[in-house]
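Novice: So here's model_31.txt (compact mmCIF, C-alpha atoms).
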# COMPACT_ATOMS: atom_id res chain seq x y z
CA MET A 1 -28.27 -7.53 -5.26
CA PRO A 2 -29.62 -10.80 -3.87
CA LYS A 3 -27.79 -12.65 -1.13
CA TRP A 4 -26.39 -15.26 -3.50
CA GLY A 5 -25.00 -12.43 -5.63
CA ALA A 6 -23.11 -11.06 -2.63
CA VAL A 7 -21.69 -14.52 -1.94
CA VAL A 8 -20.60 -14.96 -5.58
CA VAL A 9 -18.99 -11.49 -5.72
CA SER A 10 -17.14 -12.23 -2.47
CA ILE A 11 -15.82 -15.57 -3.69
CA VAL A 12 -14.70 -14.14 -7.05
CA THR A 13 -13.00 -11.17 -5.33
CA ALA A 14 -11.20 -13.43 -2.87
CA PHE A 15 -10.05 -15.66 -5.72
CA LEU A 16 -8.72 -12.69 -7.71
CA VAL A 17 -6.74 -11.39 -4.74
CA VAL A 18 -5.19 -14.78 -3.96
CA GLN A 19 -4.47 -16.10 -7.46
CA PRO A 20 -1.24 -14.09 -8.13
CA ALA A 21 0.37 -16.04 -5.28
CA PHE A 22 -0.03 -19.34 -7.07
CA ARG A 23 0.78 -18.31 -10.63
CA ASP A 24 3.71 -19.96 -12.30
CA PRO A 25 5.76 -18.04 -13.23
CA PRO A 26 4.77 -15.48 -10.59
CA ARG A 27 3.69 -12.10 -11.89
CA ASP A 28 3.76 -8.86 -10.00
CA SER A 29 1.11 -6.41 -11.13
CA TYR A 30 -1.25 -3.77 -9.80
CA PRO A 31 -3.62 -3.77 -7.96
CA LEU A 32 -3.36 -7.56 -7.82
CA SER A 33 0.10 -8.65 -6.81
CA ASN A 34 2.02 -11.58 -5.42
CA TYR A 35 3.84 -9.05 -3.17
CA PRO A 36 7.35 -10.33 -3.92
CA MET A 37 9.13 -7.49 -2.11
CA PHE A 38 11.79 -8.70 0.33
CA ALA A 39 10.77 -12.33 -0.30
CA GLN A 40 13.79 -13.38 -2.38
CA PRO A 41 16.77 -14.98 -0.64
CA LEU A 42 19.57 -12.44 -0.36
CA GLU A 43 23.21 -12.74 0.64
CA ALA A 44 24.80 -10.11 2.87
CA THR A 45 27.10 -9.14 0.01
CA ASN A 46 25.05 -7.65 -2.74
CA SER A 47 25.08 -5.13 -5.53
CA ALA A 48 23.38 -1.77 -5.83
CA ASP A 49 23.31 0.29 -9.01
CA ALA A 50 23.56 4.05 -8.82
CA VAL A 51 24.21 7.22 -10.75
CA ILE A 52 26.44 9.59 -8.83
CA GLY A 53 27.88 13.06 -9.34
CA LEU A 54 31.53 14.06 -8.90
CA THR A 55 32.80 17.49 -7.88
CA ALA A 56 35.91 19.14 -9.36
CA ALA A 57 37.82 17.82 -6.33
CA GLY A 58 36.67 14.28 -7.15
CA GLU A 59 34.27 14.06 -4.22
CA ARG A 60 31.19 11.95 -4.63
CA ARG A 61 27.74 13.56 -4.50
CA THR A 62 24.37 11.81 -4.52
CA LEU A 63 21.89 13.01 -7.12
CA SER A 64 18.16 13.40 -6.64
CA PRO A 65 15.76 10.92 -8.31
CA ARG A 66 14.55 13.85 -10.41
CA ARG A 67 18.01 14.31 -11.92
CA ILE A 68 18.51 10.58 -12.37
CA ALA A 69 15.11 9.53 -13.67
CA GLU A 70 12.80 12.58 -13.80
CA THR A 71 10.75 11.26 -10.91
CA ASP A 72 10.30 12.07 -7.23
CA GLU A 73 10.34 8.39 -6.27
CA VAL A 74 13.68 6.92 -5.27
CA ILE A 75 12.40 3.40 -5.87
CA GLN A 76 11.34 4.33 -9.40
CA ALA A 77 14.75 5.88 -10.02
CA VAL A 78 16.37 2.65 -8.79
CA GLY A 79 14.18 0.60 -11.10
CA TYR A 80 14.99 2.91 -14.01
CA VAL A 81 18.75 2.65 -13.50
CA TYR A 82 18.49 -1.13 -13.16
CA ASN A 83 16.45 -1.41 -16.37
CA GLU A 84 18.79 0.87 -18.31
CA LEU A 85 21.85 -1.11 -17.22
CA ALA A 86 20.12 -4.39 -18.05
CA ALA A 87 19.36 -3.00 -21.51
CA GLY A 88 23.02 -1.99 -22.02
CA ARG A 89 22.26 1.74 -22.10
CA ALA A 90 24.70 2.96 -19.44
CA ASP A 91 26.28 5.59 -21.75
CA GLN A 92 22.89 6.96 -22.76
CA LEU A 93 21.81 7.08 -19.10
CA CYS A 94 25.00 8.92 -18.16
CA SER A 95 24.61 11.58 -20.85
CA ASP A 96 20.89 12.06 -20.05
CA VAL A 97 21.68 12.65 -16.38
CA ALA A 98 24.61 14.95 -17.27
CA ARG A 99 22.29 17.05 -19.45
CA ARG A 100 19.74 17.40 -16.64
CA VAL A 101 22.47 18.32 -14.15
CA ALA A 102 23.85 20.89 -16.63
CA ASP A 103 20.39 22.43 -16.96
CA ASP A 104 19.18 22.32 -13.37
CA GLY A 105 22.18 21.67 -11.13
CA PRO A 106 23.64 20.95 -8.71
CA SER A 107 26.23 23.38 -10.09
CA HIS A 108 29.20 21.90 -8.21
CA VAL A 109 28.83 18.55 -9.98
CA VAL A 110 31.15 18.40 -12.97
CA ALA A 111 30.97 14.73 -13.93
CA ILE A 112 28.58 11.80 -13.75
CA GLN A 113 29.31 8.15 -13.15
CA VAL A 114 27.03 5.14 -13.56
CA ILE A 115 28.26 2.53 -11.14
CA THR A 116 27.46 -0.72 -9.38
CA GLU A 117 28.68 -1.06 -5.83
CA ARG A 118 29.17 -4.48 -4.32
CA GLN A 119 29.46 -4.53 -0.58
CA ASP A 120 28.68 -6.62 2.49
CA ALA A 121 25.75 -4.56 3.73
CA VAL A 122 25.74 -6.06 7.23
CA ALA A 123 29.47 -5.40 7.60
CA TYR A 124 29.02 -1.87 6.26
CA PHE A 125 26.84 -0.91 9.23
CA GLN A 126 29.54 -2.30 11.53
CA GLY A 127 32.11 0.02 10.03
CA VAL A 128 33.63 -2.19 7.32
CA ARG A 129 33.42 -0.05 4.19
CA ASP A 130 35.25 -1.55 1.26
CA PRO A 131 32.88 -1.51 -1.71
CA GLU A 132 33.89 -3.15 -4.95
CA VAL A 133 32.93 -0.54 -7.54
CA THR A 134 32.20 -1.34 -11.18
CA LEU A 135 32.18 1.68 -13.46
CA HIS A 136 29.70 1.32 -16.32
CA ALA A 137 29.88 4.80 -17.78
CA SER A 138 31.43 8.18 -17.05
CA CYS A 139 30.69 11.52 -18.66
CA GLU A 140 31.29 15.22 -18.14
CA VAL A 141 28.65 17.79 -17.33
CA VAL A 142 28.93 20.31 -20.17
CA ARG A 143 27.55 23.72 -19.23
CA MET B 30 -14.95 -24.11 19.24
CA LYS B 31 -16.34 -25.33 15.95
CA LEU B 32 -19.21 -23.30 14.67
CA PRO B 33 -22.25 -24.93 13.14
CA ALA B 34 -22.01 -24.84 9.33
CA ARG B 35 -25.10 -22.67 9.01
CA ARG B 36 -23.67 -20.04 11.35
CA ARG B 37 -20.33 -20.07 9.50
CA SER B 38 -22.02 -19.58 6.14
CA MET B 39 -24.05 -16.70 7.52
CA ARG B 40 -21.00 -14.86 8.84
CA LEU B 41 -20.42 -13.17 5.49
CA LEU B 42 -24.01 -11.98 5.43
CA ARG B 43 -24.19 -10.90 9.05
CA PRO B 44 -26.19 -7.67 9.26
CA ALA B 45 -24.55 -4.37 10.14
CA PRO B 46 -25.92 -0.88 10.62
CA PRO B 47 -25.68 1.39 7.57
CA LEU B 48 -23.78 3.89 9.70
CA ARG B 49 -20.83 1.48 10.01
CA LEU B 50 -20.47 1.19 6.24
CA GLY B 51 -21.08 4.92 5.82
CA LEU B 52 -18.30 5.73 8.27
CA LEU B 53 -15.97 3.26 6.58
CA ARG B 54 -16.67 4.96 3.23
CA ALA B 55 -15.96 8.38 4.71
CA LEU B 56 -12.68 7.24 6.32
CA VAL B 57 -11.36 5.38 3.28
CA GLY B 58 -12.55 8.14 0.95
CA THR B 59 -10.88 10.83 3.05
CA PHE B 60 -7.57 9.00 3.03
CA ALA B 61 -7.71 8.24 -0.70
CA THR B 62 -8.64 11.80 -1.65
CA VAL B 63 -6.05 13.43 0.60
CA TYR B 64 -3.49 10.95 -0.72
CA LEU B 65 -4.25 12.02 -4.29
CA LEU B 66 -4.01 15.67 -3.29
CA VAL B 67 -0.67 15.21 -1.56
CA ARG B 68 0.69 13.30 -4.57
CA LEU B 69 -0.96 15.59 -7.14
CA SER B 70 2.16 16.99 -8.82
CA HIS B 71 3.81 13.56 -8.78
CA LEU B 72 0.80 11.90 -10.41
CA ILE B 73 0.50 14.64 -13.02
CA SER B 74 4.24 14.42 -13.80
CA PHE B 75 3.70 11.08 -15.55
CA GLY B 76 2.12 13.01 -18.41
CA ASP B 77 5.62 14.15 -19.41
CA PHE B 78 7.46 10.84 -19.02
CA PRO B 79 9.40 9.51 -22.02
CA VAL B 80 7.32 7.09 -24.09
CA GLY B 81 10.12 4.49 -24.00
CA ARG B 82 9.71 3.99 -20.28
CA PHE B 83 6.02 3.09 -20.50
CA ALA B 84 5.51 -0.43 -19.11
CA PRO B 85 1.78 -0.77 -18.52
CA VAL B 86 0.45 -3.04 -15.77
CA GLY B 87 -3.07 -4.04 -14.69
CA PRO B 88 -5.89 -2.16 -16.40
CA VAL B 89 -3.45 0.30 -18.02
CA GLY B 90 -2.37 -2.69 -20.12
CA LEU B 91 -5.33 -1.76 -22.32
CA LEU B 92 -3.17 1.06 -23.69
CA ASP B 93 -0.45 0.58 -26.29
CA ASP B 94 1.00 4.03 -25.73
CA PRO B 95 0.93 6.47 -22.82
CA LEU B 96 -1.84 9.04 -22.60
CA ALA B 97 -1.32 12.64 -23.64
CA ALA B 98 -0.21 14.94 -20.80
CA GLY B 99 -3.57 16.74 -20.83
CA ALA B 100 -5.48 13.49 -20.40
CA VAL B 101 -3.26 12.45 -17.46
CA THR B 102 -3.85 15.78 -15.73
CA THR B 103 -7.60 15.66 -16.39
CA LEU B 104 -7.94 12.15 -14.98
CA VAL B 105 -5.95 13.00 -11.85
CA LEU B 106 -8.00 16.16 -11.21
CA ALA B 107 -11.24 14.27 -11.92
CA ALA B 108 -10.19 11.60 -9.41
CA VAL B 109 -9.71 14.26 -6.73
CA ALA B 110 -13.05 15.93 -7.48
CA VAL B 111 -14.98 12.66 -7.57
CA GLY B 112 -13.09 11.56 -4.47
CA VAL B 113 -14.66 14.44 -2.57
CA ALA B 114 -18.13 13.34 -3.74
CA PHE B 115 -17.31 9.74 -2.73
CA THR B 116 -16.18 10.84 0.71
CA ILE B 117 -19.21 12.97 1.51
CA GLY B 118 -21.57 10.50 -0.16
CA TRP B 119 -22.99 12.78 -2.83
CA ARG B 120 -24.69 11.18 -5.85
CA TYR B 121 -23.06 7.97 -4.70
CA ARG B 122 -24.61 5.72 -7.32
CA ILE B 123 -22.35 7.54 -9.77
CA SER B 124 -19.55 8.93 -7.60
CA GLY B 125 -18.96 5.56 -5.84
CA PRO B 126 -18.09 3.46 -8.90
CA ALA B 127 -16.56 6.47 -10.69
CA PHE B 128 -14.08 7.15 -7.89
CA ALA B 129 -13.25 3.46 -7.50
CA LEU B 130 -12.35 3.26 -11.19
CA LEU B 131 -10.60 6.62 -11.35
CA PHE B 132 -8.50 5.88 -8.28
CA LEU B 133 -7.61 2.49 -9.72
CA TRP B 134 -6.66 4.05 -13.04
CA VAL B 135 -4.58 6.91 -11.65
CA THR B 136 -2.60 4.70 -9.25
CA THR B 137 -2.15 1.98 -11.87
CA TYR B 138 -0.87 4.58 -14.33
CA ARG B 139 1.71 5.67 -11.77
CA ASN B 140 2.87 2.06 -11.47
CA SER B 141 3.15 1.67 -15.24
CA TRP B 142 6.65 3.07 -15.67
CA GLY B 143 8.94 0.14 -14.97
CA THR B 144 8.57 -0.21 -11.20
CA VAL B 145 5.52 -1.60 -9.43
CA LEU B 146 5.22 -0.23 -5.91
CA HIS B 147 3.14 -2.03 -3.30
CA THR B 148 2.01 0.74 -1.00
CA GLU B 149 -1.33 1.50 -2.66
CA ASN B 150 -2.67 -1.95 -3.55
CA LEU B 151 -4.77 -2.43 -0.43
CA LEU B 152 -6.21 1.07 -0.60
CA ALA B 153 -7.19 0.61 -4.26
CA LEU B 154 -8.82 -2.76 -3.51
CA GLN B 155 -10.78 -1.41 -0.55
CA VAL B 156 -11.97 1.61 -2.57
CA LEU B 157 -13.09 -0.80 -5.31
CA VAL B 158 -15.19 -2.84 -2.88
CA ILE B 159 -16.74 0.17 -1.16
CA GLY B 160 -17.33 2.07 -4.40
CA PHE B 161 -19.67 -0.54 -5.83
CA VAL B 162 -21.95 -1.10 -2.82
CA ARG B 163 -24.59 0.91 -0.96
CA ALA B 164 -22.09 2.73 1.21
CA ALA B 165 -23.89 6.06 1.29
CA ASP B 166 -27.18 5.05 2.92
CA ALA B 167 -25.95 6.73 6.10
CA PHE B 168 -23.46 9.42 7.05
CA SER B 169 -23.75 11.03 3.63
CA LEU B 170 -25.35 13.88 1.75
CA ASP B 171 -27.49 11.35 -0.11
CA ALA B 172 -28.89 10.00 3.16
CA ARG B 173 -29.58 13.51 4.42
CA ARG B 174 -31.44 14.35 1.22
CA VAL B 175 -33.61 11.23 1.42
CA GLY B 176 -34.12 11.76 5.13
CA GLU B 177 -35.02 8.15 5.69
CA GLU B 178 -33.24 6.17 8.37
CA ARG B 179 -32.43 2.65 7.25
CA SER B 180 -32.20 -0.28 9.60
CA GLU B 181 -29.35 -2.75 9.86
CA SER B 182 -29.13 -5.30 7.10
CA TRP B 183 -26.85 -7.89 5.51
CA ARG B 184 -26.56 -5.39 2.62
CA TYR B 185 -24.36 -3.21 4.85
CA GLY B 186 -22.62 -6.11 6.55
CA TRP B 187 -21.20 -8.10 3.65
CA PRO B 188 -19.23 -5.27 2.01
CA ILE B 189 -17.51 -4.61 5.34
CA ARG B 190 -16.85 -8.32 5.64
CA LEU B 191 -15.48 -8.38 2.10
CA VAL B 192 -13.12 -5.50 2.92
CA THR B 193 -11.75 -7.54 5.84
CA VAL B 194 -11.41 -10.62 3.60
CA VAL B 195 -9.50 -8.64 0.96
CA THR B 196 -7.28 -7.13 3.66
CA VAL B 197 -6.25 -10.41 5.27
CA LEU B 198 -5.74 -12.08 1.90
CA THR B 199 -3.27 -9.44 0.75
CA TYR B 200 -1.20 -10.19 3.86
CA PHE B 201 -1.53 -13.91 3.34
CA VAL B 202 -0.28 -13.59 -0.24
CA GLY B 203 2.70 -11.50 0.96
CA GLY B 204 3.55 -14.15 3.56
CA TRP B 205 3.14 -16.94 1.04
CA ALA B 206 5.61 -15.23 -1.33
CA LYS B 207 8.26 -15.28 1.41
CA ILE B 208 7.79 -19.00 1.96
CA ARG B 209 7.58 -19.73 -1.76
CA PHE B 210 10.70 -17.77 -2.77
CA GLY B 211 12.69 -17.70 0.44
CA GLY B 212 11.70 -21.02 2.04
CA ALA B 213 13.00 -22.02 5.46
CA GLU B 214 16.03 -19.77 4.97
CA TRP B 215 13.68 -16.75 5.07
CA LEU B 216 12.21 -17.90 8.39
CA PHE B 217 15.26 -19.18 10.20
CA GLY B 218 18.26 -17.76 8.34
CA ASP B 219 19.82 -14.39 7.60
CA THR B 220 17.56 -13.35 4.73
CA LEU B 221 15.61 -10.74 6.70
CA ARG B 222 18.76 -9.26 8.22
CA ASN B 223 20.40 -9.08 4.79
CA GLN B 224 17.28 -7.52 3.26
CA ILE B 225 17.20 -4.81 5.93
CA ALA B 226 20.92 -4.10 5.66
CA HIS B 227 20.89 -4.06 1.85
CA ASP B 228 17.79 -1.86 1.61
CA ASN B 229 19.24 0.70 4.00
CA LEU B 230 22.64 0.69 2.31
CA ARG B 231 21.04 1.16 -1.11
CA LYS B 232 19.08 4.15 0.18
CA LEU B 233 22.23 5.59 1.72
CA LEU B 234 24.01 5.27 -1.62
CA LEU B 235 21.15 7.09 -3.32
CA GLY B 236 20.94 9.86 -0.74
CA ASP B 237 17.47 8.75 0.33
CA PHE B 238 16.07 8.54 3.86
CA TYR B 239 17.26 5.35 5.48
CA SER B 240 17.01 3.87 8.94
CA PRO B 241 20.22 4.22 10.98
CA PHE B 242 18.38 2.19 13.63
CA GLY B 243 17.79 -0.67 11.18
CA GLY B 244 21.44 -0.55 10.11
CA TRP B 245 22.62 -0.61 13.73
CA LEU B 246 20.27 -3.49 14.51
CA THR B 247 21.79 -5.75 11.86
CA GLN B 248 24.80 -6.46 14.11
CA PHE B 249 22.52 -8.57 16.34
CA GLY B 250 22.00 -11.59 14.12
CA TRP B 251 20.03 -13.54 16.71
CA LEU B 252 17.21 -10.96 16.57
CA PHE B 253 16.20 -11.67 13.02
CA PRO B 254 14.83 -15.24 13.00
CA PRO B 255 12.27 -14.34 15.72
CA MET B 256 11.41 -11.18 13.77
CA ALA B 257 10.95 -13.23 10.59
CA LEU B 258 8.77 -15.74 12.41
CA ALA B 259 6.62 -12.96 13.89
CA SER B 260 6.27 -11.39 10.46
CA ALA B 261 5.28 -14.74 8.90
CA ALA B 262 2.80 -15.39 11.72
CA ILE B 263 1.08 -12.04 11.10
CA GLU B 264 0.99 -12.51 7.33
CA LEU B 265 0.23 -16.21 7.00
CA GLY B 266 -2.02 -16.22 10.06
CA ALA B 267 -4.05 -13.26 8.76
CA PRO B 268 -7.05 -15.39 7.65
CA LEU B 269 -7.57 -16.38 11.29
CA ALA B 270 -8.62 -12.77 11.87
CA LEU B 271 -11.86 -13.60 10.06
CA THR B 272 -12.88 -16.26 12.52
CA ASN B 273 -13.66 -14.04 15.46
CA GLY B 274 -14.32 -10.33 15.95
CA ARG B 275 -11.94 -9.95 18.88
CA LEU B 276 -9.22 -11.90 17.10
CA GLY B 277 -9.74 -9.66 14.09
CA ARG B 278 -9.14 -6.56 16.17
CA TRP B 279 -6.02 -8.05 17.75
CA TRP B 280 -4.72 -9.03 14.35
CA ALA B 281 -5.36 -5.49 13.08
CA ALA B 282 -3.26 -4.13 15.95
CA ALA B 283 -0.52 -6.68 15.21
CA ALA B 284 -0.51 -5.84 11.49
CA TRP B 285 -0.28 -2.13 12.32
CA SER B 286 2.69 -2.85 14.63
CA PHE B 287 4.26 -4.84 11.80
CA HIS B 288 4.16 -1.74 9.56
CA LEU B 289 5.49 0.39 12.41
CA ALA B 290 8.44 -2.00 12.69
CA ILE B 291 9.02 -1.84 8.92
CA MET B 292 9.11 1.96 9.14
CA ALA B 293 11.53 1.82 12.08
CA VAL B 294 14.03 -0.60 10.53
CA MET B 295 13.71 0.16 6.80
CA ALA B 296 12.26 3.68 6.61
CA ILE B 297 9.48 2.34 4.38
CA VAL B 298 6.20 4.12 5.07
CA PHE B 299 2.98 2.26 4.31
CA ALA B 300 0.93 5.38 4.99
CA TYR B 301 -2.49 3.78 4.58
CA GLN B 302 -1.74 0.93 6.95
CA LEU B 303 -0.02 3.22 9.44
CA SER B 304 -3.06 5.53 9.45
CA PHE B 305 -4.98 2.47 10.75
CA ILE B 306 -7.83 3.24 8.33
CA ALA B 307 -6.75 0.12 6.41
CA PHE B 308 -7.99 -1.88 9.41
CA ALA B 309 -11.09 0.16 10.21
CA ALA B 310 -13.42 -2.54 8.84
CA PHE B 311 -12.48 -4.80 11.76
CA PHE B 312 -14.10 -2.39 14.21
CA ARG B 313 -17.63 -1.33 15.07
CA LEU B 314 -17.10 2.19 13.84
CA GLU B 315 -20.56 3.38 14.81
CA VAL B 316 -19.72 2.68 18.45
CA GLY B 317 -16.70 4.96 18.28
CA TRP B 318 -18.70 7.56 16.41
CA GLU B 319 -21.45 7.61 19.01
CA ARG B 320 -18.86 7.89 21.77
CA LEU B 321 -17.21 10.71 19.90
CA LYS B 322 -20.53 12.48 19.75
CA GLY B 323 -20.76 12.12 23.49
CA ARG B 324 -23.61 9.69 23.51
CA SER B 325 -23.84 6.38 25.23
CA TRP B 326 -23.23 3.60 22.69
CA ARG B 327 -25.49 1.16 24.46
CA PRO B 328 -29.21 1.78 24.40
CA ALA B 329 -29.90 3.53 27.68
CA THR B 330 -31.79 1.39 30.17
CA ARG B 331 -34.78 3.45 31.00
CA LYS B 332 -35.66 3.82 34.57
CA LYS B 333 -39.26 3.40 35.22
CA LEU B 334 -40.51 6.74 36.41
CA PRO B 335 -43.16 6.87 39.06
CA SER B 336 -46.46 7.52 37.43
CA ARG B 337 -47.69 11.00 37.80
CA PRO B 338 -50.76 11.50 39.75
CA SER B 339 -53.56 11.97 37.35
CA PRO B 340 -55.00 15.42 37.31
CA ALA B 341 -58.01 15.73 39.38
Output the structure of this file as structure tokens.

Specialist:
Amino acid sequence: MPKWGAVVVSIVTAFLVVQPAFRDPPRDSYPLSNYPMFAQPLEATNSADAVIGLTAAGERRTLSPRRIAETDEVIQAVGYVYNELAAGRADQLCSDVARRVADDGPSHVVAIQVITERQDAVAYFQGVRDPEVTLHASCEVVR
Amino acid sequence: MKLPARRRSMRLLRPAPPLRLGLLRALVGTFATVYLLVRLSHLISFGDFPVGRFAPVGPVGLLDDPLAAGAVTTLVLAAVAVGVAFTIGWRYRISGPAFALLFLWVTTYRNSWGTVLHTENLLALQVLVIGFVRAADAFSLDARRVGEERSESWRYGWPIRLVTVVTVLTYFVGGWAKIRFGGAEWLFGDTLRNQIAHDNLRKLLLGDFYSPFGGWLTQFGWLFPPMALASAAIELGAPLALTNGRLGRWWAAAAWSFHLAIMAVMAIVFAYQLSFIAFAAFFRLEVGWERLKGRSWRPATRKKLPSRPSPA
């Protein structure tokens, strides 16, 4: 490659890396991204979606991302739950998770809930734990 | 000090020894290949994902439907195998571009299921740059086979320079997003504190690893504006790292510390950046290599020996 070729390739590459930052509307992609993570303004009180398990005694149990979304990645499980709720498929999500729990455990979980918890996250870490829970779907684990 | 225009324009094409680029290839290749190996079962698992969750991004957008499970497995295994060839510099004219494209494909495919992660972007971009240049003219099986030692040239310098450009620009873009979306509130307000608290609480709710330290820290509100400013300085100031070699190395150390802090307060591991290999292009790797081999990195100043008496 001649020297001018190296200069052109460098300029084009730099442009490609930078351009997602100035797109309107912004678009997150891969491998070129506008890296929007943690950039959005966020209040202390916020919502988090989750799928949880309940024992026969009514105690809450967290479920693995594999049970929730058939993945090892928590972030992907979070994204999956968010997308399913946004698409209005909470009941379907609940029964899918219940089926996986029935097949592969944990055996002490007898029911599944799809919830959104709203809580002041800063206050939570100072001992104030009063989440406002919205129940989207609830289903039994049929074994 | 302002550099003369000619010198500035030549900076991109500044010569470097082939060993520096060869070592960079070996380091980046080793990380990328080991990364694929560690994530092997995870990457292969996408072959069995429900079709309805397929949301292609980047080059995977060429597909309308997900690949068959066998094709996913084959591509992942091929990426690992070619990654080994890339790392040791074997048949690099083929293995270089092939690994760059395979690595890009495999990691893009993993991001094509509804959630785009941001931990592999820089690695994929650096592999792409290194894969398409003459990065195996030293410290490689190809170089050993040819047996010819090449001298320093702009051909080995500009790809290294381009890797540093790509690296700082990814940080700049990340910093710009915070200013664009978060504005002054991100820099001087509670946004960072809220982000850290919310991220940790969400992980706690999901039974994931979280940072109790980060949660504890959120009670000290005054800490977060300086942390946000430091973060913005590292990200938005990243292009300054290209202006001077020493500044580049300091910036690399600062960016590494930035990821260390993210790990400490949010339990988010940017493995490539934390390995420091992401910043290797800012350093004269051949110097370290020579030191590692126990040689002096500067050309030895030869003492003039007294001339021997000529035989009678």

Novice: Using only C-alpha atoms, find the residues of chain B whose closest atom to chain A is at most 8 Å away, then write them as a PyMOL selection string.

Specialist: chain B and resi 41-42+71+74+78+86-87+133+137+140+142-145+147+149-151+153-154+187+191+194-195+198-199+202-203+205-208+210-211+214-215+219-224+226-227+230-231+234-237+244-245+247-248

Novice: Could you jot down the atom CA of B:Leu53 to atom CA of B:Ala259 separation for me, Å, one decimal place?

Specialist: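 Computed distance, atom CA of B:Leu53 to atom CA of B:Ala259, equals 28.8 Å.
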
Novice: Within 8 Å of stretch 302-304 of chain B, counting only C-alpha atoms, which residues show up once you throw out same-chain ones fewer than 6 positions away? Write them as a VMD selection string, please.

Specialist: chain B and resid 285 288 to 289

Novice: I want to know what sits within 8 Å of B:Tyr200, based on all atoms listed in the file, with residues of the same chain fewer than 2 positions away left out; could you give that as a list in words?

Specialist: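 Listed by chain and then number, they are Thr196, Val197, Leu198, Val202, Gly203, Gly204, Ile263, Glu264, Leu265 and Ala267 of chain B.
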
Novice: Could you tell me how far atom CA of B:Leu252 sits from atom CA of B:Phe308, in Å to one decimal place?

Specialist: 27.7 Å

Novice: Using all atoms listed in the file, which residues sit within 8 Å of stretch 132-141 of chain A once same-chain residues fewer than 6 positions away are excluded, as a PyMOL selection string?

Specialist: chain A and resi 90-91+94-95+98-99+101-102+109-119

Novice: Axis-aligned box over every listed atom of stretch 127-132 of chain A, padded by 5 Å per side: centre and edges in Å to one decimal, as AutoDock Vina command-line options?

Specialist:
--center_x 33.7 --center_y -1.6 --center_z 2.5 --size_x 13.1 --size_y 13.2 --size_z 25.0

Novice: Just give me the gap between atom CA of B:Tyr301 and atom CA of B:Trp280 in Å, one decimal is fine.

Specialist: 16.3 Å

Novice: Output file request: stretch 251-260 of chain B, with N, CA, C and O atoms, as a JSON list (two decimals), in the first residue's frame.

Specialist:
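Listed below is the output, decode27.json:
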[["chain", "number", "residue", "atom", "x", "y", "z"],
["B", 251, "TRP", "N", -20.97, 14.21, 47.61],
["B", 251, "TRP", "CA", -19.96, 15.16, 47.16],
["B", 251, "TRP", "C", -18.85, 14.51, 46.33],
["B", 251, "TRP", "O", -18.13, 15.17, 45.60],
["B", 252, "LEU", "N", -18.72, 13.18, 46.44],
["B", 252, "LEU", "CA", -17.65, 12.49, 45.72],
["B", 252, "LEU", "C", -17.89, 12.41, 44.21],
["B", 252, "LEU", "O", -16.95, 12.32, 43.43],
["B", 253, "PHE", "N", -19.18, 12.46, 43.83],
["B", 253, "PHE", "CA", -19.49, 12.06, 42.46],
["B", 253, "PHE", "C", -19.25, 13.12, 41.38],
["B", 253, "PHE", "O", -18.80, 12.75, 40.29],
["B", 254, "PRO", "N", -19.50, 14.40, 41.64],
["B", 254, "PRO", "CA", -19.12, 15.38, 40.60],
["B", 254, "PRO", "C", -17.63, 15.34, 40.24],
["B", 254, "PRO", "O", -17.30, 15.33, 39.05],
["B", 255, "PRO", "N", -16.71, 15.28, 41.23],
["B", 255, "PRO", "CA", -15.30, 15.15, 40.82],
["B", 255, "PRO", "C", -15.01, 13.86, 40.05],
["B", 255, "PRO", "O", -14.22, 13.86, 39.10],
["B", 256, "MET", "N", -15.70, 12.77, 40.45],
["B", 256, "MET", "CA", -15.52, 11.51, 39.71],
["B", 256, "MET", "C", -16.02, 11.64, 38.27],
["B", 256, "MET", "O", -15.39, 11.15, 37.32],
["B", 257, "ALA", "N", -17.16, 12.32, 38.12],
["B", 257, "ALA", "CA", -17.72, 12.52, 36.77],
["B", 257, "ALA", "C", -16.79, 13.39, 35.93],
["B", 257, "ALA", "O", -16.57, 13.11, 34.74],
["B", 258, "LEU", "N", -16.24, 14.42, 36.54],
["B", 258, "LEU", "CA", -15.33, 15.31, 35.81],
["B", 258, "LEU", "C", -14.06, 14.56, 35.40],
["B", 258, "LEU", "O", -13.57, 14.72, 34.27],
["B", 259, "ALA", "N", -13.54, 13.73, 36.29],
["B", 259, "ALA", "CA", -12.34, 12.95, 35.97],
["B", 259, "ALA", "C", -12.63, 11.99, 34.82],
["B", 259, "ALA", "O", -11.83, 11.84, 33.88],
["B", 260, "SER", "N", -13.79, 11.36, 34.88],
["B", 260, "SER", "CA", -14.20, 10.43, 33.83],
["B", 260, "SER", "C", -14.32, 11.15, 32.49],
["B", 260, "SER", "O", -13.82, 10.68, 31.45]]
